[in-house]
Amino acid sequence: MNFNPNDDRYIYEIVSKNIKYFRLHNNSKYSSYGKMTQEKLAEKCDLSHSLISNIESSKVQQSFSIAVLYRISRVLEIDIREFFVKRDFSDNN
């Protein structure tokens, strides 16, 4: 889905796409060949697989905390601010 910037779901859409992108294009010590499964990310973040799956899903409107984002950013070894950058994923996802 594509939400309007005036809709609060807009930021969730941006963050969820970025989490998926960085999980799949990752060079952290936990990834292999640049990819990390949702299961591995959940395990390393001490979160449930269903939470990670829901966060990344365009069909589920999953809310999450800054603490969850912080855990994910640490495991993926990226700055948390990268999750809030609007990117064009038309070729990647």
# chains A, B, ... in the order shown; residues from 1 in each chain; ligands from 1
>>> select_by_dssp(residues="chain A", states="alpha helix (DSSP H)", output="short mmCIF file (atom, residue, chain, number, x, y, z; two decimals) with N, CA and C atoms, in the first residue's frame")
data_model
loop_
_atom_site.label_atom_id
_atom_site.label_comp_id
_atom_site.auth_asym_id
_atom_site.auth_seq_id
_atom_site.Cartn_x
_atom_site.Cartn_y
_atom_site.Cartn_z
N ARG A 9 0.03 6.26 9.10
CA ARG A 9 0.52 4.95 8.64
C ARG A 9 1.66 5.08 7.64
N TYR A 10 1.82 6.27 7.10
CA TYR A 10 2.88 6.55 6.12
C TYR A 10 4.26 6.21 6.68
N ILE A 11 4.53 6.63 7.90
CA ILE A 11 5.86 6.39 8.49
C ILE A 11 6.07 4.90 8.74
N TYR A 12 5.01 4.18 9.11
CA TYR A 12 5.13 2.74 9.30
C TYR A 12 5.48 2.05 7.98
N GLU A 13 4.89 2.53 6.89
CA GLU A 13 5.17 1.96 5.57
C GLU A 13 6.64 2.17 5.20
N ILE A 14 7.15 3.36 5.42
CA ILE A 14 8.55 3.66 5.11
C ILE A 14 9.48 2.78 5.94
N VAL A 15 9.22 2.73 7.25
CA VAL A 15 10.08 1.95 8.15
C VAL A 15 10.02 0.47 7.80
N SER A 16 8.84 -0.05 7.54
CA SER A 16 8.74 -1.49 7.25
C SER A 16 9.48 -1.87 5.97
N LYS A 17 9.38 -1.04 4.95
CA LYS A 17 10.11 -1.31 3.70
C LYS A 17 11.61 -1.25 3.91
N ASN A 18 12.05 -0.31 4.73
CA ASN A 18 13.49 -0.19 5.00
C ASN A 18 14.01 -1.37 5.82
N ILE A 19 13.24 -1.82 6.78
CA ILE A 19 13.67 -2.99 7.56
C ILE A 19 13.85 -4.19 6.63
N LYS A 20 12.87 -4.41 5.77
CA LYS A 20 12.97 -5.54 4.84
C LYS A 20 14.18 -5.37 3.92
N TYR A 21 14.37 -4.17 3.40
CA TYR A 21 15.49 -3.91 2.51
C TYR A 21 16.82 -4.21 3.20
N PHE A 22 17.01 -3.66 4.40
CA PHE A 22 18.29 -3.87 5.09
C PHE A 22 18.47 -5.30 5.56
N ARG A 23 17.38 -6.00 5.83
CA ARG A 23 17.49 -7.41 6.20
C ARG A 23 17.97 -8.22 5.00
N LEU A 24 17.50 -7.88 3.82
CA LEU A 24 17.86 -8.64 2.61
C LEU A 24 19.16 -8.18 1.97
N GLN A 38 13.86 -13.67 8.20
CA GLN A 38 13.07 -13.06 9.27
C GLN A 38 13.28 -13.82 10.58
N GLU A 39 13.39 -15.12 10.48
CA GLU A 39 13.59 -15.94 11.67
C GLU A 39 14.91 -15.59 12.38
N LYS A 40 15.97 -15.43 11.59
CA LYS A 40 17.28 -15.11 12.16
C LYS A 40 17.26 -13.72 12.78
N LEU A 41 16.64 -12.76 12.09
CA LEU A 41 16.55 -11.42 12.64
C LEU A 41 15.77 -11.43 13.95
N ALA A 42 14.65 -12.13 13.97
CA ALA A 42 13.85 -12.22 15.19
C ALA A 42 14.65 -12.83 16.33
N GLU A 43 15.37 -13.90 16.03
CA GLU A 43 16.19 -14.58 17.04
C GLU A 43 17.25 -13.64 17.60
N LYS A 44 17.98 -12.96 16.73
CA LYS A 44 19.06 -12.07 17.17
C LYS A 44 18.54 -10.85 17.92
N CYS A 45 17.31 -10.44 17.61
CA CYS A 45 16.71 -9.28 18.28
C CYS A 45 15.93 -9.67 19.53
N HIS A 49 9.15 -14.12 15.56
CA HIS A 49 9.16 -14.13 14.10
C HIS A 49 7.90 -13.44 13.58
N SER A 50 6.77 -13.67 14.23
CA SER A 50 5.52 -13.07 13.76
C SER A 50 5.56 -11.55 13.82
N LEU A 51 6.24 -10.99 14.82
CA LEU A 51 6.37 -9.54 14.89
C LEU A 51 7.17 -9.00 13.70
N ILE A 52 8.30 -9.62 13.41
CA ILE A 52 9.11 -9.20 12.26
C ILE A 52 8.31 -9.35 10.97
N SER A 53 7.63 -10.46 10.82
CA SER A 53 6.81 -10.70 9.63
C SER A 53 5.72 -9.64 9.49
N ASN A 54 5.05 -9.33 10.58
CA ASN A 54 3.99 -8.32 10.55
C ASN A 54 4.53 -6.93 10.26
N ILE A 55 5.68 -6.60 10.82
CA ILE A 55 6.28 -5.29 10.56
C ILE A 55 6.59 -5.14 9.08
N GLU A 56 7.11 -6.17 8.46
CA GLU A 56 7.49 -6.11 7.04
C GLU A 56 6.31 -6.25 6.09
N ILE A 66 10.06 2.24 19.52
CA ILE A 66 11.41 2.69 19.21
C ILE A 66 12.43 1.67 19.72
N ALA A 67 12.14 1.03 20.83
CA ALA A 67 13.05 0.00 21.36
C ALA A 67 13.19 -1.16 20.38
N VAL A 68 12.08 -1.55 19.74
CA VAL A 68 12.13 -2.62 18.74
C VAL A 68 12.99 -2.18 17.56
N LEU A 69 12.78 -0.95 17.10
CA LEU A 69 13.60 -0.43 15.99
C LEU A 69 15.07 -0.40 16.37
N TYR A 70 15.34 -0.01 17.60
CA TYR A 70 16.73 0.06 18.06
C TYR A 70 17.37 -1.33 18.05
N ARG A 71 16.65 -2.33 18.53
CA ARG A 71 17.18 -3.70 18.51
C ARG A 71 17.48 -4.15 17.08
N ILE A 72 16.54 -3.89 16.18
CA ILE A 72 16.72 -4.30 14.79
C ILE A 72 17.91 -3.57 14.17
N SER A 73 18.03 -2.29 14.43
CA SER A 73 19.15 -1.53 13.86
C SER A 73 20.50 -2.03 14.38
N ARG A 74 20.54 -2.42 15.63
CA ARG A 74 21.80 -2.93 16.19
C ARG A 74 22.18 -4.26 15.55
N VAL A 75 21.23 -5.14 15.38
CA VAL A 75 21.51 -6.43 14.76
C VAL A 75 21.92 -6.26 13.30
N LEU A 76 21.23 -5.37 12.59
CA LEU A 76 21.55 -5.14 11.19
C LEU A 76 22.77 -4.24 11.01
#
>>> atom_distance(atom1="atom CA of Ser63 of chain A", atom2="atom CA of Ser48 of chain A")
13.9 Å
>>> atom_distance(atom1="atom CA of Asn27 of chain A", atom2="atom CA of Gln61 of chain A")
27.9 Å
